[in-house]
>>> print(open('query05.cif').read())   # mmCIF, C-alpha atoms
data_target
loop_
_atom_site.label_atom_id
_atom_site.label_comp_id
_atom_site.auth_asym_id
_atom_site.auth_seq_id
_atom_site.Cartn_x
_atom_site.Cartn_y
_atom_site.Cartn_z
CA THR G 1 -3.85 -13.46 27.57
CA LEU G 2 -2.14 -10.46 25.97
CA VAL G 3 -3.91 -7.22 25.05
CA ARG G 4 -2.40 -3.88 24.14
CA GLU G 5 -3.28 -0.84 22.07
CA ARG G 6 -1.52 0.00 18.80
CA ASP G 7 -2.58 2.77 16.40
CA GLY G 8 -6.20 2.65 17.51
CA CYS G 9 -6.39 -1.14 17.32
CA THR G 10 -6.34 -3.71 20.07
CA VAL G 11 -3.64 -6.35 19.74
CA GLY G 12 -4.37 -9.51 21.66
CA ALA G 13 -4.03 -13.25 22.08
CA ALA G 14 -5.40 -15.83 24.47
CA GLY G 15 -4.14 -19.27 25.39
CA ARG G 16 -0.71 -20.87 25.19
CA HIS G 17 -0.81 -21.56 21.46
CA ALA G 18 -2.89 -18.60 20.26
CA GLN G 19 -1.55 -16.37 17.53
CA LEU G 20 -1.64 -12.60 17.91
CA ARG G 21 -4.53 -10.89 16.16
CA VAL G 22 -5.37 -7.24 15.62
CA ALA G 23 -8.92 -6.35 16.63
CA LYS G 24 -10.05 -3.21 14.80
CA GLU G 25 -13.01 -1.90 16.79
CA ILE G 26 -15.47 0.49 15.13
CA ASP G 27 -18.44 2.34 16.67
CA LEU G 28 -21.19 1.90 14.08
CA ALA G 29 -23.75 4.09 15.88
CA ALA G 30 -21.63 7.25 15.62
CA MET G 31 -20.51 6.61 12.05
CA PRO G 32 -21.70 8.77 9.12
CA PRO G 33 -23.07 6.88 6.10
CA GLU G 34 -19.91 7.35 4.00
CA ALA G 35 -17.68 5.90 6.73
CA LEU G 36 -20.11 3.06 7.31
CA GLN G 37 -19.93 2.12 3.64
CA GLU G 38 -16.13 2.35 3.81
CA THR G 39 -16.12 -0.07 6.73
CA ARG G 40 -18.41 -2.52 4.93
CA ASN G 41 -16.08 -2.32 1.94
CA GLU G 42 -13.07 -3.22 4.06
CA VAL G 43 -14.80 -6.26 5.53
CA GLU G 44 -15.97 -7.51 2.13
CA VAL G 45 -12.61 -6.93 0.43
CA LEU G 46 -10.65 -8.57 3.25
CA ARG G 47 -13.03 -11.52 3.27
CA SER G 48 -12.46 -12.09 -0.46
CA LEU G 49 -8.65 -12.07 -0.38
CA SER G 50 -6.14 -14.71 0.65
CA HIS G 51 -2.46 -14.09 -0.09
CA VAL G 52 0.77 -14.25 1.91
CA ASN G 53 1.47 -10.57 1.11
CA ILE G 54 -1.96 -9.32 2.22
CA VAL G 55 -2.96 -8.88 5.87
CA ALA G 56 -5.21 -11.87 6.54
CA TYR G 57 -8.84 -11.40 7.53
CA CYS G 58 -9.83 -13.67 10.42
CA ASP G 59 -13.38 -12.75 11.43
CA ALA G 60 -15.86 -9.90 11.92
CA LEU G 61 -18.23 -9.59 14.87
CA VAL G 62 -21.09 -7.13 15.51
CA GLU G 63 -22.29 -6.52 19.06
CA ASP G 64 -24.10 -3.51 20.57
CA ASP G 65 -23.47 -1.26 17.54
CA ARG G 66 -19.78 -2.11 17.57
CA LEU G 67 -18.04 -3.88 14.74
CA THR G 68 -14.85 -5.80 15.54
CA ILE G 69 -12.69 -6.91 12.61
CA LEU G 70 -10.10 -9.52 13.57
CA MET G 71 -7.02 -9.44 11.38
CA GLU G 72 -3.57 -10.96 11.21
CA TYR G 73 -0.97 -9.16 13.36
CA ALA G 74 2.24 -8.05 11.64
CA ASP G 75 4.90 -8.07 14.37
CA GLY G 76 7.36 -5.82 12.50
CA GLY G 77 5.21 -2.69 12.45
CA ASP G 78 4.60 -0.70 9.28
CA LEU G 79 6.85 0.55 6.50
CA ALA G 80 6.33 4.23 7.39
CA ALA G 81 7.97 3.66 10.79
CA ARG G 82 10.84 1.80 9.12
CA VAL G 83 11.37 4.69 6.68
CA ALA G 84 11.24 7.21 9.54
CA ARG G 85 13.93 5.32 11.44
CA LYS G 86 16.13 5.22 8.33
CA ARG G 87 15.60 8.94 7.77
CA ALA G 88 16.48 9.76 11.39
CA ALA G 89 19.69 7.76 11.05
CA SER G 90 20.44 9.14 7.53
CA ARG G 91 20.73 5.57 6.25
CA ARG G 92 19.05 4.56 3.01
CA PHE G 93 17.63 1.13 2.24
CA SER G 94 19.98 -1.17 0.38
CA GLN G 95 19.06 -1.97 -3.22
CA ASN G 96 18.29 -5.57 -2.26
CA SER G 97 16.02 -4.50 0.62
CA ALA G 98 14.13 -1.98 -1.50
CA LEU G 99 13.61 -4.54 -4.26
CA ALA G 100 12.44 -7.19 -1.78
CA ILE G 101 9.74 -4.81 -0.52
CA LEU G 102 8.78 -3.91 -4.09
CA VAL G 103 8.50 -7.57 -5.12
CA GLN G 104 6.16 -8.42 -2.26
CA CYS G 105 3.99 -5.33 -2.75
CA SER G 106 3.80 -6.16 -6.46
CA ARG G 107 2.70 -9.72 -5.68
CA ALA G 108 -0.08 -8.36 -3.46
CA LEU G 109 -1.18 -5.90 -6.16
CA ARG G 110 -1.09 -8.60 -8.85
CA HIS G 111 -3.44 -10.64 -6.66
CA ILE G 112 -5.97 -7.86 -6.04
CA HIS G 113 -5.80 -6.43 -9.57
CA ALA G 114 -6.53 -9.88 -11.02
CA ARG G 115 -9.77 -9.66 -9.00
CA CYS G 116 -10.52 -6.17 -10.35
CA ILE G 117 -9.82 -4.52 -6.98
CA VAL G 118 -8.05 -1.15 -6.78
CA HIS G 119 -6.57 -0.42 -3.36
CA ARG G 120 -6.69 3.40 -3.84
CA ASP G 121 -4.68 4.23 -0.72
CA LEU G 122 -1.39 2.40 -1.12
CA LYS G 123 1.24 4.12 1.07
CA SER G 124 3.92 3.15 3.55
CA PRO G 125 1.64 3.32 6.66
CA ASN G 126 -0.60 0.71 4.98
CA ILE G 127 2.27 -1.66 4.25
CA PHE G 128 2.97 -3.94 7.19
CA LEU G 129 6.06 -5.99 8.03
CA THR G 130 6.82 -9.15 9.95
CA LEU G 131 10.04 -9.79 11.82
CA SER G 132 10.76 -12.63 9.40
CA GLY G 133 10.83 -10.18 6.48
CA VAL G 134 7.38 -10.72 4.96
CA VAL G 135 5.64 -7.59 3.60
CA LYS G 136 1.84 -7.40 3.82
CA LEU G 137 -0.54 -4.92 2.22
CA GLY G 138 -3.38 -3.81 4.48
CA ASP G 139 -6.06 -1.18 5.15
CA PHE G 140 -8.52 -1.79 2.33
CA GLY G 141 -11.03 0.72 3.72
CA ILE G 142 -11.35 2.71 0.50
CA ALA G 143 -10.64 -0.06 -1.99
CA ARG G 144 -12.96 -0.18 -4.98
CA VAL G 145 -14.05 -3.38 -6.66
CA LEU G 146 -14.37 -2.68 -10.39
CA GLU G 147 -17.22 -4.54 -12.06
CA HIS G 148 -15.07 -5.78 -14.93
CA THR G 149 -11.53 -5.42 -16.19
CA ARG G 150 -12.24 -2.35 -18.34
CA ALA G 151 -14.05 -0.44 -15.60
CA LEU G 152 -12.55 2.79 -14.34
CA ALA G 153 -13.19 4.57 -11.05
CA VAL G 154 -13.91 8.31 -11.00
CA THR G 155 -14.01 9.22 -7.28
CA VAL G 156 -11.12 11.36 -6.06
CA ILE G 157 -9.93 9.50 -3.00
CA GLY G 158 -6.63 8.52 -1.41
CA THR G 159 -3.64 10.24 0.20
CA PRO G 160 -2.69 13.52 -1.61
CA THR G 161 1.06 12.81 -1.90
CA HIS G 162 0.30 9.45 -3.53
CA LEU G 163 -2.43 10.56 -5.96
CA PRO G 164 -1.56 9.85 -9.61
CA PRO G 165 -1.81 12.57 -12.28
CA GLU G 166 -5.02 11.12 -13.74
CA VAL G 167 -6.77 11.47 -10.37
CA CYS G 168 -5.36 14.98 -9.83
CA ASP G 169 -6.68 15.87 -13.29
CA SER G 170 -10.16 14.46 -12.48
CA LYS G 171 -9.84 11.70 -15.08
CA PRO G 172 -11.07 8.11 -14.67
CA TYR G 173 -8.50 5.71 -13.23
CA GLY G 174 -7.94 2.01 -12.72
CA THR G 175 -5.32 -0.37 -11.39
CA LYS G 176 -2.47 1.78 -12.78
CA ALA G 177 -3.29 4.30 -10.03
CA ASP G 178 -2.01 1.72 -7.54
CA MET G 179 1.14 1.31 -9.63
CA TRP G 180 1.80 5.06 -9.39
CA ALA G 181 1.34 4.86 -5.61
CA LEU G 182 3.76 1.92 -5.54
CA GLY G 183 6.20 4.14 -7.45
CA VAL G 184 5.84 6.80 -4.76
CA VAL G 185 6.57 4.19 -2.08
CA PHE G 186 9.56 2.85 -4.04
CA TYR G 187 10.95 6.38 -4.54
CA GLU G 188 10.56 6.93 -0.80
CA LEU G 189 12.57 3.76 -0.13
CA LEU G 190 15.39 4.96 -2.39
CA THR G 191 15.52 8.61 -1.25
CA LEU G 192 13.69 8.65 2.14
CA GLU G 193 11.56 11.50 0.75
CA PRO G 194 8.35 11.64 -1.30
CA PRO G 195 8.83 12.40 -5.02
CA PHE G 196 6.44 15.36 -4.86
CA ALA G 197 5.95 17.72 -1.91
CA ALA G 198 4.48 21.21 -1.56
CA THR G 199 3.07 23.57 1.06
CA SER G 200 -0.46 23.53 -0.38
CA LEU G 201 -2.72 20.99 -2.04
CA VAL G 202 -2.99 23.09 -5.22
CA ALA G 203 0.80 23.33 -5.52
CA LEU G 204 1.14 19.59 -4.84
CA VAL G 205 -1.38 18.73 -7.55
CA MET G 206 0.45 20.92 -10.08
CA LYS G 207 3.76 19.24 -9.22
CA ILE G 208 2.24 15.79 -9.64
CA ILE G 209 0.67 16.70 -13.00
CA LYS G 210 3.57 18.68 -14.49
CA GLY G 211 6.67 18.24 -12.31
CA GLN G 212 9.47 15.70 -12.21
CA PRO G 213 11.00 14.27 -9.00
CA LYS G 214 14.66 14.74 -8.17
CA PRO G 215 16.84 11.96 -9.61
CA VAL G 216 17.48 8.91 -7.43
CA PRO G 217 21.17 8.87 -6.34
CA ALA G 218 23.19 6.90 -8.89
CA GLU G 219 25.98 6.13 -6.44
CA MET G 220 23.71 3.82 -4.43
CA TYR G 221 21.33 2.32 -6.98
CA GLY G 222 21.92 0.75 -10.40
CA GLU G 223 20.43 2.08 -13.63
CA GLU G 224 17.89 -0.76 -13.84
CA VAL G 225 16.53 0.13 -10.40
CA ARG G 226 16.42 3.85 -11.13
CA ASP G 227 14.71 3.19 -14.47
CA LEU G 228 12.16 1.01 -12.67
CA GLY G 229 11.31 3.93 -10.39
CA ARG G 230 10.91 6.24 -13.40
CA ARG G 231 8.56 3.79 -15.16
CA LEU G 232 6.25 3.58 -12.17
CA LEU G 233 5.99 7.38 -12.10
CA TYR G 234 5.16 7.86 -15.79
CA LYS G 235 2.44 10.51 -16.09
CA ASP G 236 0.57 8.43 -18.68
CA PRO G 237 -0.98 5.45 -16.87
CA ASP G 238 -0.87 3.38 -20.06
CA LEU G 239 2.94 3.57 -19.98
CA ARG G 240 3.25 2.36 -16.39
CA PRO G 241 3.85 -1.38 -15.96
CA SER G 242 1.10 -3.47 -14.43
CA ALA G 243 1.98 -5.51 -11.34
CA LYS G 244 2.28 -8.60 -13.54
CA GLU G 245 4.55 -6.78 -16.02
CA LEU G 246 6.64 -5.34 -13.20
CA LEU G 247 7.32 -8.79 -11.77
CA ALA G 248 8.47 -9.95 -15.20
CA LEU G 249 11.13 -7.22 -15.55
CA PRO G 250 14.64 -8.73 -15.32
CA VAL G 251 15.81 -6.65 -12.34
CA VAL G 252 12.66 -7.54 -10.38
CA ARG G 253 12.58 -11.18 -11.51
CA ARG G 254 16.19 -11.74 -10.43
CA ARG G 255 15.40 -10.45 -6.94
CA ALA G 256 12.17 -12.43 -6.77
CA GLU G 257 13.97 -15.66 -7.64
CA LEU G 258 16.02 -15.31 -4.45
CA MET G 259 12.86 -15.04 -2.32
CA PRO G 260 10.25 -17.60 -1.22
#
>>> encode(input="query05.cif", output="structure tokens")
Amino acid sequence: TLVRERDGCTVGAAGRHAQLRVAKEIDLAAMPPEALQETRNEVEVLRSLSHVNIVAYCDALVEDDRLTILMEYADGGDLAARVARKRAASRRFSQNSALAILVQCSRALRHIHARCIVHRDLKSPNIFLTLSGVVKLGDFGIARVLEHTRALAVTVIGTPTHLPPEVCDSKPYGTKADMWALGVVFYELLTLEPPFAATSLVALVMKIIKGQPKPVPAEMYGEEVRDLGRRLLYKDPDLRPSAKELLALPVVRRRAELMP
């Protein structure tokens, strides 16, 4: 038996051939209604998804006002920690590594968007890694299931640095909001910094709506890769590629063809 704590979750396994699982334990009795709904959402979304690039749902148990969600354990930690280590060492991701992460995140988004699900909080701490190089999207706590393909969400929710202009401007949004957030993650991989940063929320929102990020260094990344980053951060969501369109772009397709 192995049990240890990691980021508020219990990681454990039992038996010689057991696989590690993450047990996310939640106190239902002390939870406000909004958080309770968020938790129900996560269980339902996880239960409906099955994809190699999405953290697998295993089971959910309720006992004595405590909900335990059992999920797949990613033994490589999360992408935020990987970025932090690179930043501390002043070493950027190689173009191949950045594209490999982008491809796998795009595959996960293609899968959920095809089911009319918007993640709404895509960011590096919610992207998990395995030691074998597989990237897995997780933490669907605030995901929204759109009723049909033309539906748009209106709730302002997510991480401020990753909010797209349409959300900052209180406009309806859909799956292209996730593509913006993927662009923020990709920019972070290429520069080790977020594309938009400010000392206040108001200033951050104005930068996201009207500002432009610093150019990605040309000496390390080819024009196709830099253009890809620019497309994902188009202010107009209609101009951003969908996950399916992104995977069809030559620079992405060439990298994907070298992967499982």
>>> closest_residue(input="query05.cif", among="G:Leu247, G:Leu49, G:Ala203, G:Val62", to="Glu25 in chain G", atoms="only C-alpha atoms")
G:Val62
>>> resolve_selection(input="query05.cif", expression="the PyMOL selection byres ((chain G and resi 177) around 8)", output="ChimeraX atom specification")
/G:118,120,163-164,166-167,173-176,178-181,237
>>> write_last_selection(input="query05.cif", atoms="C-alpha atoms", output="short mmCIF file (atom, residue, chain, number, x, y, z; two decimals), keeping the file's coordinate frame")
data_model
loop_
_atom_site.label_atom_id
_atom_site.label_comp_id
_atom_site.auth_asym_id
_atom_site.auth_seq_id
_atom_site.Cartn_x
_atom_site.Cartn_y
_atom_site.Cartn_z
CA VAL G 118 -8.05 -1.15 -6.78
CA ARG G 120 -6.69 3.40 -3.84
CA LEU G 163 -2.43 10.56 -5.96
CA PRO G 164 -1.56 9.85 -9.61
CA GLU G 166 -5.02 11.12 -13.74
CA VAL G 167 -6.77 11.47 -10.37
CA TYR G 173 -8.50 5.71 -13.23
CA GLY G 174 -7.94 2.01 -12.72
CA THR G 175 -5.32 -0.37 -11.39
CA LYS G 176 -2.47 1.78 -12.78
CA ASP G 178 -2.01 1.72 -7.54
CA MET G 179 1.14 1.31 -9.63
CA TRP G 180 1.80 5.06 -9.39
CA ALA G 181 1.34 4.86 -5.61
CA PRO G 237 -0.98 5.45 -16.87
#
>>> residues_around(input="query05.cif", residues="Asp27 in chain G", least_positions_apart="5", cutoff="8 Å", atoms="all atoms listed in the file", output="VMD selection string")
chain G and resid 65 to 67
>>> resolve_selection(input="query05.cif", expression="the PyMOL selection byres ((chain G and resi 85-95) around 9)", output="list in words")
Ala80, Ala81, Arg82, Val83, Ala84, Asn96, Ser97, Ala98, Leu99, Ala100, Leu189, Leu190, Thr191, Leu192, Glu193, Met220, Tyr221, Gly222 and Val225 of chain G
>>> residues_around(input="query05.cif", residues="Ser124 in chain G", least_positions_apart="2", cutoff="7 Å", atoms="all atoms listed in the file", output="PyMOL selection string")
chain G and resi 78-80+126-127+185
>>> write_last_selection(input="query05.cif", atoms="C-alpha atoms", output="JSON list (two decimals), in the frame of the given file")
[["chain", "number", "residue", "atom", "x", "y", "z"],
["G", 78, "ASP", "CA", 4.60, -0.70, 9.28],
["G", 79, "LEU", "CA", 6.85, 0.55, 6.50],
["G", 80, "ALA", "CA", 6.33, 4.23, 7.39],
["G", 126, "ASN", "CA", -0.60, 0.71, 4.98],
["G", 127, "ILE", "CA", 2.27, -1.66, 4.25],
["G", 185, "VAL", "CA", 6.57, 4.19, -2.08]]
